[in-house]
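Visitor: Got a file for you: work.cif, mmCIF, C-alpha atoms.
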data_work
loop_
_atom_site.label_atom_id
_atom_site.label_comp_id
_atom_site.auth_asym_id
_atom_site.auth_seq_id
_atom_site.Cartn_x
_atom_site.Cartn_y
_atom_site.Cartn_z
CA MET O 1 68.78 19.59 -34.41
CA ARG O 2 72.16 17.93 -34.05
CA TYR O 3 73.76 17.32 -37.39
CA GLU O 4 77.10 15.71 -38.16
CA HIS O 5 78.78 15.72 -41.51
CA PHE O 6 81.44 13.27 -42.69
CA ASP O 7 83.55 13.29 -45.79
CA THR O 8 83.18 9.54 -46.07
CA LEU O 9 81.74 6.72 -43.99
CA ASP O 10 81.10 3.02 -44.47
CA SER O 11 77.46 3.99 -44.27
CA THR O 12 75.54 6.64 -42.39
CA SER O 13 73.20 3.98 -41.01
CA SER O 14 76.16 1.96 -39.71
CA GLU O 15 77.42 5.11 -37.99
CA ALA O 16 73.96 5.68 -36.53
CA ARG O 17 73.97 2.13 -35.19
CA ARG O 18 77.38 2.67 -33.59
CA ARG O 19 76.17 5.86 -31.93
CA ALA O 20 73.00 4.19 -30.69
CA THR O 21 74.88 1.18 -29.38
CA ALA O 22 77.11 3.58 -27.45
CA GLY O 23 74.02 5.08 -25.84
CA ASP O 24 73.19 8.08 -28.05
CA HIS O 25 69.64 7.55 -29.35
CA GLY O 26 69.37 10.95 -31.05
CA PRO O 27 67.73 12.98 -32.37
CA LEU O 28 70.79 13.18 -34.58
CA TRP O 29 71.27 13.41 -38.35
CA ILE O 30 74.40 11.98 -39.93
CA GLN O 31 75.42 12.78 -43.48
CA ALA O 32 78.38 11.60 -45.56
CA ASP O 33 79.54 12.93 -48.93
CA SER O 34 80.33 9.38 -49.97
CA GLN O 35 79.91 5.89 -48.55
CA SER O 36 82.18 2.90 -48.99
CA GLY O 37 79.52 0.39 -48.00
CA GLY O 38 76.14 1.91 -48.79
CA ARG O 39 73.45 -0.73 -48.60
CA GLY O 40 69.89 -1.19 -49.74
CA ARG O 41 67.38 -3.87 -48.89
CA LEU O 42 68.74 -7.39 -48.54
CA GLY O 43 72.30 -6.17 -48.52
CA ARG O 44 72.16 -4.81 -52.07
CA GLU O 45 74.79 -2.21 -52.82
CA TRP O 46 73.67 1.42 -52.85
CA ILE O 47 76.06 3.29 -55.17
CA SER O 48 77.38 6.11 -53.02
CA ARG O 49 79.69 8.32 -55.06
CA ARG O 50 80.00 12.02 -54.24
CA GLY O 51 77.18 14.31 -55.33
CA ASN O 52 74.10 12.56 -54.03
CA LEU O 53 72.59 12.65 -50.59
CA TYR O 54 73.38 9.89 -48.11
CA CYS O 55 72.04 10.52 -44.64
CA THR O 56 70.50 8.85 -41.63
CA GLY O 57 68.28 10.24 -38.91
CA LEU O 58 68.56 8.63 -35.48
CA TYR O 59 65.65 8.94 -33.05
CA PRO O 60 64.61 7.49 -29.73
CA HIS O 61 61.84 4.92 -30.13
CA ASP O 62 60.05 3.43 -27.18
CA GLY O 63 56.85 2.18 -28.82
CA PRO O 64 56.08 -1.33 -30.03
CA MET O 65 58.54 -2.68 -32.57
CA ALA O 66 55.93 -2.87 -35.33
CA GLN O 67 55.20 0.83 -34.95
CA ALA O 68 58.67 1.80 -36.13
CA GLY O 69 57.60 0.64 -39.59
CA LEU O 70 55.12 3.50 -39.76
CA LEU O 71 58.05 5.91 -39.80
CA SER O 72 58.80 4.40 -43.20
CA PHE O 73 55.79 6.31 -44.54
CA CYS O 74 56.74 9.46 -42.61
CA ALA O 75 60.13 9.36 -44.33
CA ALA O 76 58.58 8.80 -47.77
CA ASN O 77 56.21 11.75 -47.26
CA ALA O 78 59.11 13.93 -46.08
CA VAL O 79 61.24 13.13 -49.13
CA ALA O 80 58.28 13.81 -51.44
CA ASP O 81 57.76 17.16 -49.67
CA LEU O 82 61.45 17.93 -50.14
CA ILE O 83 61.37 17.10 -53.84
CA LYS O 84 58.37 19.36 -54.28
CA ILE O 85 60.44 22.31 -53.06
CA TYR O 86 62.97 21.79 -55.86
CA CYS O 87 60.60 20.49 -58.52
CA PRO O 88 57.19 22.00 -57.78
CA ASP O 89 55.64 20.86 -61.05
CA THR O 90 56.98 17.34 -61.08
CA ASP O 91 54.68 14.46 -60.24
CA THR O 92 56.49 12.63 -57.46
CA ARG O 93 55.01 9.25 -56.57
CA LEU O 94 55.56 6.83 -53.71
CA LYS O 95 55.88 3.14 -54.39
CA TRP O 96 54.94 0.97 -51.43
CA PRO O 97 56.27 1.28 -48.90
CA ASN O 98 58.75 4.10 -49.37
CA ASP O 99 60.46 4.29 -52.75
CA VAL O 100 60.27 7.80 -54.19
CA GLN O 101 59.70 7.84 -57.94
CA ILE O 102 59.38 10.27 -60.81
CA LYS O 103 57.69 8.79 -63.88
CA GLY O 104 58.21 5.29 -62.57
CA ALA O 105 61.96 5.80 -62.05
CA LYS O 106 63.52 5.59 -58.62
CA LEU O 107 64.79 8.88 -57.23
CA ALA O 108 65.28 7.97 -53.59
CA GLY O 109 65.44 4.93 -51.37
CA ILE O 110 64.71 4.64 -47.68
CA LEU O 111 65.64 1.90 -45.26
CA LEU O 112 64.99 1.82 -41.54
CA GLU O 113 66.45 -0.08 -38.65
CA SER O 114 64.63 -0.39 -35.38
CA VAL O 115 66.14 -1.67 -32.19
CA ARG O 116 64.79 -1.47 -28.66
CA GLY O 117 65.13 2.17 -27.67
CA TRP O 118 65.95 3.69 -31.05
CA VAL O 119 65.18 3.78 -34.74
CA SER O 120 67.33 4.94 -37.64
CA VAL O 121 65.98 6.24 -40.94
CA GLY O 122 68.46 5.90 -43.78
CA ILE O 123 67.70 8.04 -46.83
CA GLY O 124 69.48 8.14 -50.16
CA ILE O 125 68.45 10.72 -52.77
CA ASN O 126 69.89 10.87 -56.28
CA ILE O 127 70.67 14.54 -56.87
CA HIS O 128 73.46 14.91 -59.43
CA PHE O 129 73.40 11.48 -61.00
CA HIS O 130 71.88 8.05 -60.88
CA PRO O 131 73.70 4.79 -61.51
CA ASP O 132 72.84 3.55 -65.00
CA ASP O 133 73.58 -0.13 -64.52
CA LEU O 134 70.68 -0.85 -62.21
CA PRO O 135 68.15 -3.56 -62.90
CA TYR O 136 65.35 -1.01 -62.53
CA PRO O 137 64.75 2.50 -63.94
CA ALA O 138 66.31 5.29 -61.90
CA THR O 139 66.51 9.04 -62.15
CA HIS O 140 68.06 12.03 -60.37
CA LEU O 141 66.76 15.35 -59.15
CA ALA O 142 68.76 17.67 -61.43
CA ALA O 143 67.22 16.00 -64.48
CA HIS O 144 63.83 17.30 -63.40
CA MET O 145 64.85 20.80 -62.34
CA ASP O 146 64.39 23.84 -64.51
CA ILE O 147 67.99 25.04 -64.43
CA ASP O 148 70.60 26.17 -66.95
CA ASP O 149 73.65 26.30 -64.73
CA PRO O 150 74.94 23.13 -63.04
CA GLU O 151 75.91 25.38 -60.13
CA GLU O 152 72.23 25.65 -59.35
CA ILE O 153 71.95 21.96 -58.59
CA PRO O 154 71.26 21.75 -54.86
CA ASP O 155 74.06 20.69 -52.58
CA ALA O 156 73.44 17.50 -50.65
CA ARG O 157 74.75 19.10 -47.50
CA ALA O 158 72.24 21.92 -47.72
CA MET O 159 69.37 19.47 -47.99
CA VAL O 160 69.82 17.78 -44.65
CA PRO O 161 68.48 20.57 -42.39
CA LEU O 162 65.43 20.83 -44.63
CA LEU O 163 64.87 17.09 -44.89
CA SER O 164 65.27 16.56 -41.16
CA GLN O 165 62.74 19.30 -40.50
CA LEU O 166 60.22 17.78 -42.93
CA PHE O 167 60.71 14.35 -41.39
CA GLU O 168 60.22 15.70 -37.89
CA GLN O 169 56.95 17.32 -38.99
CA GLN O 170 55.72 13.93 -40.17
CA ARG O 171 56.98 12.19 -37.06
CA ASP O 172 55.24 14.75 -34.84
CA ILE O 173 51.97 14.19 -36.69
CA LEU O 174 52.33 10.45 -36.23
CA ARG O 175 52.96 10.83 -32.52
CA ARG O 176 50.21 13.38 -32.00
CA GLU O 177 47.45 12.21 -34.32
CA GLY O 178 48.34 8.65 -35.19
CA PHE O 179 48.88 7.02 -38.57
CA MET O 180 45.71 8.21 -40.35
CA PRO O 181 46.96 11.64 -41.52
CA ILE O 182 50.30 10.10 -42.55
CA ARG O 183 48.46 7.38 -44.44
CA LYS O 184 46.24 9.95 -46.15
CA ALA O 185 49.21 12.04 -47.30
CA TRP O 186 51.00 8.91 -48.51
CA LEU O 187 47.94 7.67 -50.43
CA ALA O 188 47.58 11.06 -52.12
CA ARG O 189 50.97 10.42 -53.75
CA ALA O 190 50.82 6.65 -54.03
CA ALA O 191 51.99 5.01 -57.25
CA HIS O 192 49.91 2.16 -58.70
CA LEU O 193 46.71 2.92 -56.79
CA GLY O 194 43.90 1.08 -58.56
CA GLN O 195 46.40 -0.50 -60.93
CA LYS O 196 47.44 -4.06 -61.40
CA ILE O 197 50.67 -4.81 -59.59
CA GLU O 198 52.74 -7.78 -58.63
CA THR O 199 54.45 -8.31 -55.34
CA SER O 200 57.38 -10.56 -54.87
CA SER O 201 58.65 -12.17 -51.77
CA ARG O 202 61.18 -14.97 -51.68
CA GLY O 203 61.06 -15.23 -55.46
CA GLN O 204 57.34 -15.91 -55.45
CA ALA O 205 54.92 -13.54 -57.09
CA ILE O 206 51.32 -12.64 -56.47
CA SER O 207 49.42 -10.18 -58.59
CA GLY O 208 46.34 -8.14 -57.96
CA MET O 209 45.02 -4.62 -57.95
CA MET O 210 46.52 -2.18 -55.49
CA GLU O 211 43.59 -1.20 -53.36
CA GLY O 212 45.23 0.88 -50.67
CA LEU O 213 47.15 1.00 -47.44
CA ALA O 214 45.98 -0.76 -44.28
CA ASN O 215 45.95 0.93 -40.89
CA ASP O 216 49.17 -0.81 -39.97
CA GLY O 217 50.95 0.18 -43.19
CA ALA O 218 50.40 -3.14 -44.99
CA LEU O 219 49.79 -3.03 -48.72
CA VAL O 220 46.21 -4.03 -49.54
CA LEU O 221 45.86 -6.04 -52.71
CA ARG O 222 42.60 -7.12 -54.37
CA LEU O 223 43.17 -10.61 -55.74
CA PRO O 224 41.76 -11.77 -59.08
CA ASP O 225 39.25 -14.01 -57.26
CA GLY O 226 37.89 -11.05 -55.29
CA GLY O 227 39.83 -11.82 -52.13
CA ILE O 228 42.04 -9.38 -50.27
CA ALA O 229 45.70 -9.87 -49.48
CA ARG O 230 47.58 -7.74 -46.98
CA ILE O 231 51.30 -7.63 -47.53
CA SER O 232 53.74 -6.31 -44.97
CA SER O 233 57.00 -7.22 -46.63
CA GLY O 234 58.18 -7.65 -50.20
CA GLU O 235 58.82 -5.81 -53.44
CA VAL O 236 56.15 -4.21 -55.60
CA PHE O 237 56.25 -4.16 -59.39
CA SER O 238 54.03 -2.51 -61.89
CA VAL O 239 52.54 -5.15 -64.17
CA ALA O 240 52.08 -2.47 -66.82
CA GLY O 241 55.67 -2.93 -67.62
CA GLN O 242 58.37 -0.44 -67.22
CA ASN O 243 59.75 -1.31 -63.84
CA ARG O 244 58.98 -4.98 -64.12
CA LYS O 245 62.54 -5.87 -65.01
CA ASP O 246 63.56 -5.52 -61.38
CA ALA O 247 61.84 -8.79 -60.55
CA ASN O 248 64.86 -10.33 -58.96
CA ALA O 249 67.05 -7.43 -58.06
CA ALA O 250 65.08 -4.36 -57.11
CA GLY O 251 67.09 -1.73 -55.37
CA ASN O 252 67.00 -0.67 -51.76
CA MET J 253 26.08 -44.43 -58.42
CA ALA J 254 26.81 -42.18 -55.48
CA ARG J 255 24.53 -39.30 -54.80
CA THR J 256 26.02 -35.90 -55.40
CA PRO J 257 25.83 -33.94 -52.17
CA SER J 258 23.72 -30.83 -52.31
CA LYS J 259 26.00 -27.82 -52.10
CA SER J 260 24.11 -25.37 -50.00
CA SER J 261 20.78 -26.72 -48.92
CA PRO J 262 19.86 -25.12 -45.58
CA LYS J 263 18.64 -28.52 -44.46
CA LYS J 264 22.09 -29.95 -44.76
CA PRO J 265 24.42 -27.64 -42.84
CA PRO J 266 27.38 -30.03 -42.79
CA GLN J 267 27.57 -29.77 -46.59
CA THR J 268 27.85 -25.98 -46.32
CA SER J 269 30.69 -26.39 -43.88
CA THR J 270 32.43 -28.65 -46.31
CA ALA J 271 32.21 -26.01 -49.01
CA GLU J 272 33.72 -23.43 -46.67
CA THR J 273 36.39 -25.85 -45.58
CA LYS J 274 37.29 -26.42 -49.19
CA LEU J 275 37.62 -22.68 -49.65
CA VAL J 276 39.88 -22.40 -46.61
CA ARG J 277 41.99 -25.24 -47.95
CA GLU J 278 42.32 -23.47 -51.28
CA LEU J 279 43.31 -20.22 -49.58
CA ALA J 280 45.81 -22.09 -47.46
CA LYS J 281 47.28 -23.56 -50.62
CA ILE J 282 47.61 -20.10 -52.16
CA LEU J 283 49.21 -18.92 -48.93
CA ASN J 284 51.83 -21.61 -49.11
CA GLU J 285 52.43 -21.15 -52.81
CA THR J 286 52.87 -17.40 -52.60
CA ASP J 287 54.74 -17.13 -49.29
CA LEU J 288 52.33 -14.50 -48.09
CA SER J 289 51.91 -14.35 -44.35
CA GLU J 290 48.17 -13.89 -44.50
CA ILE J 291 45.24 -13.73 -46.88
CA GLU J 292 41.91 -12.19 -46.12
CA MET J 293 38.96 -12.87 -48.35
CA GLU J 294 35.43 -11.58 -48.43
CA LYS J 295 32.68 -13.32 -50.35
CA GLY J 296 29.19 -12.00 -49.80
CA THR J 297 28.63 -12.03 -46.07
CA LEU J 298 31.40 -14.48 -45.40
CA LYS J 299 34.85 -13.28 -44.37
CA ILE J 300 37.80 -15.63 -44.15
CA ARG J 301 41.30 -14.89 -43.02
CA VAL J 302 44.04 -17.46 -43.39
CA ALA J 303 47.41 -16.79 -41.81
CA ARG J 304 50.57 -18.71 -41.12
CA GLY J 305 51.39 -19.80 -37.60
CA GLY J 306 49.69 -18.50 -34.45
CA ALA J 307 45.92 -18.51 -34.73
CA ALA J 308 46.09 -19.97 -38.18
CA VAL J 309 42.58 -19.53 -39.41
CA MET J 310 39.92 -17.04 -38.60
CA MET J 311 36.55 -17.07 -40.24
CA SER J 312 33.81 -14.66 -39.45
CA ALA J 313 30.38 -13.90 -40.76
CA PRO J 314 27.49 -11.78 -39.54
CA ALA J 315 24.94 -13.59 -37.39
CA SER J 316 22.37 -13.22 -40.13
CA ALA J 317 24.42 -15.15 -42.64
CA PRO J 318 22.94 -18.49 -43.61
CA MET J 319 26.26 -20.17 -42.92
CA GLN J 320 26.56 -22.89 -40.35
CA THR J 321 29.47 -23.38 -38.00
CA PRO J 322 32.61 -23.53 -40.09
CA ALA J 323 35.13 -26.28 -39.68
CA PRO J 324 38.37 -24.40 -39.18
CA SER J 325 40.04 -27.44 -37.68
CA ALA J 326 40.52 -28.84 -41.15
CA ALA J 327 42.66 -25.98 -42.35
CA PRO J 328 45.60 -25.19 -40.07
CA ALA J 329 47.46 -28.27 -41.12
CA ALA J 330 47.53 -26.93 -44.65
CA ALA J 331 48.16 -23.30 -43.77
CA THR J 332 50.88 -23.78 -41.20
CA PRO J 333 54.46 -24.52 -42.19
CA PRO J 334 55.51 -28.05 -41.30
CA ILE J 335 57.80 -26.73 -38.64
CA ALA J 336 54.85 -25.60 -36.55
CA SER J 337 53.36 -29.07 -36.41
CA LYS J 338 54.96 -29.66 -33.02
CA PRO J 339 54.01 -26.49 -31.17
CA GLU J 340 54.26 -28.19 -27.79
CA ALA J 341 58.00 -28.42 -28.31
CA HIS J 342 58.28 -24.65 -28.61
CA THR J 343 56.95 -23.49 -25.28
CA ASP J 344 60.35 -22.03 -24.45
CA ALA J 345 60.81 -20.45 -27.84
CA GLN J 346 61.36 -16.74 -28.23
CA LYS J 347 58.41 -15.43 -30.20
CA SER J 348 58.09 -12.89 -32.97
CA PRO J 349 57.17 -9.41 -31.71
CA MET J 350 55.63 -8.50 -35.08
CA VAL J 351 54.31 -9.55 -38.48
CA GLY J 352 56.93 -9.51 -41.21
CA THR J 353 59.61 -11.49 -42.97
CA ALA J 354 62.31 -13.19 -40.92
CA TYR J 355 65.91 -13.23 -42.11
CA VAL J 356 68.44 -15.45 -40.39
CA ARG J 357 71.37 -13.75 -42.12
CA PRO J 358 72.24 -10.08 -42.66
CA SER J 359 72.23 -10.44 -46.47
CA PRO J 360 71.54 -13.35 -48.83
CA GLU J 361 75.25 -14.10 -49.32
CA ALA J 362 76.28 -13.72 -45.71
CA ASP J 363 76.61 -16.37 -43.03
CA SER J 364 73.75 -16.90 -40.60
CA PHE J 365 73.81 -14.77 -37.47
CA VAL J 366 73.88 -17.96 -35.40
CA SER J 367 73.70 -21.72 -35.83
CA VAL J 368 72.22 -24.40 -33.63
CA GLY J 369 74.73 -25.16 -30.90
CA ASP J 370 76.17 -21.65 -30.77
CA THR J 371 76.53 -19.95 -27.42
CA VAL J 372 74.86 -16.55 -27.34
CA LYS J 373 74.67 -13.70 -24.89
CA GLU J 374 71.52 -11.78 -24.01
CA GLY J 375 71.04 -9.08 -26.63
CA ASP J 376 72.97 -10.84 -29.40
CA THR J 377 71.22 -10.55 -32.76
CA ILE J 378 69.72 -13.91 -33.71
CA MET J 379 67.73 -12.81 -36.75
CA LEU J 380 66.06 -9.84 -38.42
CA ILE J 381 62.38 -9.27 -39.05
CA GLU J 382 61.43 -6.84 -41.77
CA ALA J 383 58.15 -5.09 -42.43
CA MET J 384 57.62 -1.90 -44.43
CA LYS J 385 61.34 -1.80 -45.22
CA THR J 386 62.10 -1.48 -41.54
CA PHE J 387 64.58 -4.03 -40.27
CA ASN J 388 64.22 -5.09 -36.68
CA PRO J 389 67.09 -7.11 -35.22
CA ILE J 390 65.72 -9.75 -32.86
CA GLY J 391 68.04 -10.04 -29.88
CA ALA J 392 68.37 -13.01 -27.57
CA GLU J 393 66.23 -12.46 -24.50
CA LYS J 394 68.61 -14.57 -22.43
CA SER J 395 72.10 -16.02 -22.61
CA GLY J 396 72.56 -19.69 -23.42
CA THR J 397 72.90 -22.13 -26.30
CA ILE J 398 70.83 -22.04 -29.49
CA LEU J 399 68.87 -25.28 -29.33
CA ASP J 400 66.66 -24.75 -32.35
CA ILE J 401 65.96 -22.23 -35.11
CA LEU J 402 62.33 -22.54 -36.11
CA VAL J 403 62.15 -20.34 -39.21
CA GLU J 404 63.86 -20.42 -42.56
CA ASP J 405 65.58 -17.47 -44.16
CA ALA J 406 63.07 -15.06 -45.73
CA GLN J 407 60.11 -16.80 -44.16
CA PRO J 408 57.00 -14.73 -43.42
CA VAL J 409 56.19 -14.78 -39.71
CA GLU J 410 53.18 -13.82 -37.66
CA PHE J 411 53.02 -11.98 -34.35
CA GLY J 412 53.75 -14.49 -31.60
CA GLU J 413 55.18 -17.13 -33.91
CA PRO J 414 58.02 -19.13 -32.30
CA LEU J 415 61.36 -18.11 -33.81
CA PHE J 416 64.13 -19.92 -31.94
CA VAL J 417 64.89 -21.72 -28.71
CA ILE J 418 67.71 -20.82 -26.33
CA GLY J 419 68.48 -23.28 -23.56
#
Using structure tokens, write down the structure that the file contains.
Guide:
Amino acid sequence: MRYEHFDTLDSTSSEARRRATAGDHGPLWIQADSQSGGRGRLGREWISRRGNLYCTGLYPHDGPMAQAGLLSFCAANAVADLIKIYCPDTDTRLKWPNDVQIKGAKLAGILLESVRGWVSVGIGINIHFHPDDLPYPATHLAAHMDIDDPEEIPDARAMVPLLSQLFEQQRDILRREGFMPIRKAWLARAAHLGQKIETSSRGQAISGMMEGLANDGALVLRLPDGGIARISSGEVFSVAGQNRKDANAAGN
Amino acid sequence: MARTPSKSSPKKPPQTSTAETKLVRELAKILNETDLSEIEMEKGTLKIRVARGGAAVMMSAPASAPMQTPAPSAAPAAATPPIASKPEAHTDAQKSPMVGTAYVRPSPEADSFVSVGDTVKEGDTIMLIEAMKTFNPIGAEKSGTILDILVEDAQPVEFGEPLFVIG
């Protein structure tokens, strides 16, 4: 696995895009100790001070464009697998499509970019700290680890080889066996399954019960009138309450 | 006083169709109100799917269902964004390669990638389509001038939906 480390970058995904545009479609993992322009979904800032993990995996992608979105779930599964190594007893949950949560608080965010010939998987994991001025609950890994000495907090740099390996396992399964095993693993750790949730897109909301994950990765929602809605893009909120405050400004 | 039409008498199939049409209309209204790209609904043996753009309405039911031929022609007008009301004008349009949400600018505060009248080169990013938090830049398939942009920012799009015209 090729791996490149940077002290600082505008963003690891921007670097991945530059590499890809220059003809290098990976596999390559890029990590930076800090980012000056870390971004989440819809251009939202991703606080990127030193201490947390900021990395992007770049891979060749020659399938249909829509299929790149399935790697979103591969990445979510991989991060959940990684967290389990450090916090074996912690209940890590995945919020559709790929937010990684502990007790409803966001631990990691994932954002992908897919262009003809390549796909990049940007992953941010809060390790040492989480920003406290976010419009949604957040958390960090060290807060859930059974450690006495801050020195025992894992180093972001050391995580990349492990994370890239876990992601490649998921990607290999997807390529070899299709989406079903990925979907199954994702559903086993899904947040909100069977619960009432609200999705928001373009400031509009629709609520229903989270029924599952469609074969193409769409969120399946049971509407109050018994109908089914399939949602492929938008934010998900728990109606039960605690992460509802991110209605207009959810992260990543 | 006018007679109230029977709702589901098997002897009066057109009335049944009307009931289904009404349902499709209601779903189409929900679709527009919520900005979803598609809604699928199952009620007994009847299955209705309403989606924006493309093949706007699909209804299906097992052969054994007592339903008569539905009247899907009544619904697309309600389900389809106004912009798609002149599909014949979009035969040259570049179409969406996937279901998702289209963004005509890189972030809500940023300028649009392109405007009508701009000259673009093949491969230039014209918009983004997002699904499952995966952003897919849509590049111009040919060089030329942007004649029309057929979607709004953050609009849900279907597979095959016309996005923009380069001439």
Visitor: Taking only C-alpha atoms into account, which of J:Ala406, J:Leu399, J:Ile390, J:Ala383 comes nearest J:Val351?
Guide: J:Ala383
Visitor: Please report the interatomic distance between atom CA of O:Lys103 and atom CA of O:Cys55 in Å with one decimal.
Guide: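 Those two atoms sit 24.1 Å apart.
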Visitor: Starting from chain O, keep only residues with some atom at most 7 Å from an atom of chain J, counting all atoms listed in the file, and report them as a list in words.
Guide: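 Filtering chain O at 7 Å from chain J with all atoms listed in the file gives Leu42, Gly43, Met65, Ala66, Gly69, Ser72, Pro97, Leu111, Leu112, Glu113, Ser114, Val115, Ser201, Arg202, Gln204, Ala205, Ile206, Gly227, Ile228, Ala229, Arg230, Ile231, Ser232 and Ser233 of chain O.
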Visitor: Can you tell me which residues surround O:Asp10 at a distance of at most 6 Å, considering all atoms listed in the file, apart from same-chain residues fewer than 4 positions away, and format the answer as a list in words?
Guide: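 Skipping anything fewer than 4 positions along the chain leaves Gln35, Ser36 and Gly37 of chain O.
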Visitor: What does the distance between atom CA of O:Ala16 and atom CA of O:Gln169 come to in Å, to one decimal place?
Guide: 20.8 Å
Visitor: Please write the residues picked by the PyMOL selection byres ((chain O and resi 165) around 12) on this file as a list in words.
Guide: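 Answer for the PyMOL selection byres ((chain O and resi 165) around 12): Met1, Arg2, Tyr3, Pro27, Leu28, Trp29, Gly57, Cys74, Ala75, Ala78, Val79, Asp81, Leu82, Met159, Val160, Pro161, Leu162, Leu163, Ser164, Leu166, Phe167, Glu168, Gln169, Gln170, Arg171 and Asp172 of chain O.
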Visitor: In Å to one decimal, how far is atom CA of J:Glu410 from atom CA of J:Ile398?
Guide: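 Between atom CA of J:Ile398 and atom CA of J:Glu410 the gap is 21.1 Å.
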Visitor: Which one of J:Asp344, J:Val403, J:Phe416, J:Gly396 sits closest to J:Asp370 if you count all atoms listed in the file?
Guide: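 Of all the options, J:Gly396 lies closest to J:Asp370.
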Visitor: Can you work out which one of O:Ile30, O:Ala191, O:Gln67, O:Gly51 has the shortest atom-to-atom distance to O:Ile102, counting all atoms listed in the file?
Guide: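 Selected residue with least distance to O:Ile102: O:Ala191.
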Visitor: For O:Thr139, which of O:Cys87, O:Ala105, O:Ile125, O:Ala158 is the closest residue, counting all atoms listed in the file?
Guide: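 Going through O:Cys87, O:Ala105, O:Ile125, O:Ala158 one by one, the smallest distance to O:Thr139 is for O:Ala105.
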Visitor: Can you turn the PyMOL selection byres ((chain O and resi 12-14) around 7) into a concrete residue list for this file, as a list in words?
Guide: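 Selected by the PyMOL selection byres ((chain O and resi 12-14) around 7) here: Leu9, Asp10, Ser11, Glu15, Ala16, Arg17, Arg18, Ile30, Gln31, Ala32, Tyr54, Cys55, Thr56, Ser120 and Gly122 of chain O.
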Visitor: Return the single residue from O:Met210, O:Val236, O:Ala142, O:Leu223 that is closest to O:Asn52, with distances computed using only C-alpha atoms.
Guide: O:Ala142
